[in-house]
Amino acid sequence: MKLRFLGSNSTGGDCPTLYATDRDSYVVQGWQIFANDLLMQLHIPDGESAVEVPTELFEHLKEDGLPASSITRVQAPVMILTPQGTCVVQGKVVTDTEALTQMSIPHYETCVEVSKPDITALAEEPSGPDFQR
(Lines give C-alpha, C1' and ligand atoms only; values in the text may rest on other atoms or scores of the structure.)
Protein backbone atom coordinates (compact mmCIF):
# COMPACT_ATOMS: atom_id res chain seq x y z
CA MET A 1 0.00 0.00 0.00
CA LYS A 2 1.40 3.38 -0.99
CA LEU A 3 0.75 6.33 1.32
CA ARG A 4 0.45 10.02 0.55
CA PHE A 5 0.96 12.33 3.52
CA LEU A 6 -2.02 14.66 4.02
CA GLY A 7 -1.14 16.31 7.29
CA SER A 8 -0.22 16.11 10.91
CA ASN A 9 -1.04 17.99 14.06
CA SER A 10 2.46 17.75 15.45
CA THR A 11 5.80 19.21 14.52
CA GLY A 12 8.02 16.28 15.50
CA GLY A 13 7.09 14.13 12.52
CA ASP A 14 5.06 11.66 14.49
CA CYS A 15 1.41 11.38 15.43
CA PRO A 16 -1.34 12.27 14.88
CA THR A 17 -1.09 11.96 11.13
CA LEU A 18 -3.47 11.41 8.23
CA TYR A 19 -2.52 9.64 4.99
CA ALA A 20 -4.38 8.84 1.77
CA THR A 21 -3.71 5.41 0.29
CA ASP A 22 -3.73 3.95 -3.20
CA ARG A 23 -6.62 1.68 -2.06
CA ASP A 24 -9.42 4.27 -1.80
CA SER A 25 -8.86 4.55 1.93
CA TYR A 26 -7.11 6.60 4.60
CA VAL A 27 -4.62 5.63 7.26
CA VAL A 28 -5.11 7.39 10.58
CA GLN A 29 -2.09 7.31 12.89
CA GLY A 30 -2.88 8.11 16.49
CA TRP A 31 -2.44 7.32 20.14
CA GLN A 32 -3.09 3.78 21.34
CA ILE A 33 -6.03 3.62 23.72
CA PHE A 34 -5.27 2.43 27.23
CA ALA A 35 -7.97 4.25 29.23
CA ASN A 36 -10.46 1.71 30.54
CA ASP A 37 -13.37 4.14 30.30
CA LEU A 38 -12.80 4.44 26.54
CA LEU A 39 -12.08 0.75 26.01
CA MET A 40 -15.29 -0.26 27.77
CA GLN A 41 -17.29 1.78 25.23
CA LEU A 42 -15.81 0.00 22.22
CA HIS A 43 -16.48 -3.29 20.54
CA ILE A 44 -13.38 -3.95 18.46
CA PRO A 45 -13.55 -7.01 16.19
CA ASP A 46 -10.52 -9.16 15.43
CA GLY A 47 -8.23 -7.50 12.91
CA GLU A 48 -9.31 -4.02 13.93
CA SER A 49 -8.05 -1.47 16.42
CA ALA A 50 -8.82 2.08 17.46
CA VAL A 51 -6.74 5.23 17.77
CA GLU A 52 -7.36 8.55 19.46
CA VAL A 53 -6.67 11.74 17.49
CA PRO A 54 -7.63 15.42 17.71
CA THR A 55 -10.78 16.15 15.72
CA GLU A 56 -8.84 18.86 13.86
CA LEU A 57 -6.74 16.17 12.16
CA PHE A 58 -9.52 15.76 9.60
CA GLU A 59 -9.03 19.34 8.42
CA HIS A 60 -6.17 17.83 6.38
CA LEU A 61 -8.76 16.13 4.14
CA LYS A 62 -8.59 19.32 2.04
CA GLU A 63 -5.21 18.03 0.80
CA ASP A 64 -7.15 15.16 -0.83
CA GLY A 65 -9.77 17.44 -2.41
CA LEU A 66 -12.40 17.01 0.31
CA PRO A 67 -13.86 19.82 2.37
CA ALA A 68 -11.80 20.58 5.49
CA SER A 69 -13.78 19.19 8.36
CA SER A 70 -13.71 18.70 12.08
CA ILE A 71 -15.62 15.79 13.48
CA THR A 72 -18.77 16.88 15.31
CA ARG A 73 -20.79 13.66 15.48
CA VAL A 74 -20.42 9.99 16.19
CA GLN A 75 -20.75 7.82 13.09
CA ALA A 76 -18.55 4.90 12.05
CA PRO A 77 -15.54 4.93 11.86
CA VAL A 78 -15.54 7.57 14.64
CA MET A 79 -16.74 5.73 17.71
CA ILE A 80 -16.34 8.28 20.50
CA LEU A 81 -15.96 12.05 20.81
CA THR A 82 -14.18 12.96 24.04
CA PRO A 83 -14.60 16.11 26.13
CA GLN A 84 -10.89 16.81 25.50
CA GLY A 85 -11.51 17.52 21.79
CA THR A 86 -10.35 14.16 20.49
CA CYS A 87 -12.09 11.35 18.72
CA VAL A 88 -11.62 7.61 18.69
CA VAL A 89 -11.37 6.20 15.17
CA GLN A 90 -11.80 2.47 14.57
CA GLY A 91 -10.52 0.60 11.54
CA LYS A 92 -8.46 -2.25 10.20
CA VAL A 93 -5.04 -2.70 11.77
CA VAL A 94 -2.37 -1.66 9.27
CA THR A 95 -0.05 -4.62 8.74
CA ASP A 96 1.13 -3.83 5.21
CA THR A 97 4.93 -3.76 5.31
CA GLU A 98 5.24 -1.17 2.54
CA ALA A 99 2.90 1.20 4.39
CA LEU A 100 4.56 0.69 7.76
CA THR A 101 8.00 1.50 6.37
CA GLN A 102 6.65 4.86 5.14
CA MET A 103 5.65 5.95 8.67
CA SER A 104 7.39 6.80 11.91
CA ILE A 105 5.32 5.14 14.63
CA PRO A 106 6.43 5.56 18.25
CA HIS A 107 5.68 2.74 20.70
CA TYR A 108 2.64 4.58 22.15
CA GLU A 109 0.93 4.95 18.76
CA THR A 110 -0.65 2.73 16.16
CA CYS A 111 -2.53 3.22 12.89
CA VAL A 112 -5.77 2.05 11.34
CA GLU A 113 -7.09 2.00 7.79
CA VAL A 114 -10.59 3.29 7.12
CA SER A 115 -12.47 3.49 3.84
CA LYS A 116 -12.65 6.77 1.97
CA PRO A 117 -16.49 6.66 1.85
CA ASP A 118 -16.61 6.33 5.66
CA ILE A 119 -14.32 9.33 6.14
CA THR A 120 -16.08 11.31 3.39
CA ALA A 121 -19.40 10.81 5.15
CA LEU A 122 -17.96 12.51 8.23
CA ALA A 123 -17.06 15.59 6.18
CA GLU A 124 -20.64 15.95 4.92
CA GLU A 125 -23.50 17.61 6.69
CA PRO A 126 -25.51 15.09 8.72
CA SER A 127 -28.76 14.09 7.07
CA GLY A 128 -30.32 12.52 10.16
CA PRO A 129 -30.24 13.08 13.88
CA ASP A 130 -26.99 14.21 15.44
CA PHE A 131 -25.41 11.52 17.59
CA GLN A 132 -22.85 13.75 19.27
CA ARG A 133 -22.05 12.61 22.79
# chains A, B, ... in the order shown; residues from 1 in each chain; ligands from 1
>>> residues_around(residues="Val28 of chain A", least_positions_apart="4", cutoff="6 Å", atoms="only C-alpha atoms", output="list of chain:residue names")
A:Leu18, A:Cys111, A:Val112
>>> residues_around(residues="segment 83-97 of chain A", least_positions_apart="4", cutoff="6 Å", atoms="only C-alpha atoms", output="list in words")
Gly47, Glu48, Ser49, Ala50, Val51, Glu52, Val53, Pro54, Thr55, Pro77, Val78, Met79, Val112, Glu113 and Val114 of chain A
>>> select_by_dssp(residues="segment 2-108 of chain A", states="strand (DSSP E or B)", output="ChimeraX atom specification")
/A:3-8,17-21,25-32,48-54,75,78-81,86-93
>>> closest_residue(among="A:Pro67, A:His60, A:Leu81, A:Ser115", to="Asp22 of chain A", atoms="only C-alpha atoms")
A:Ser115
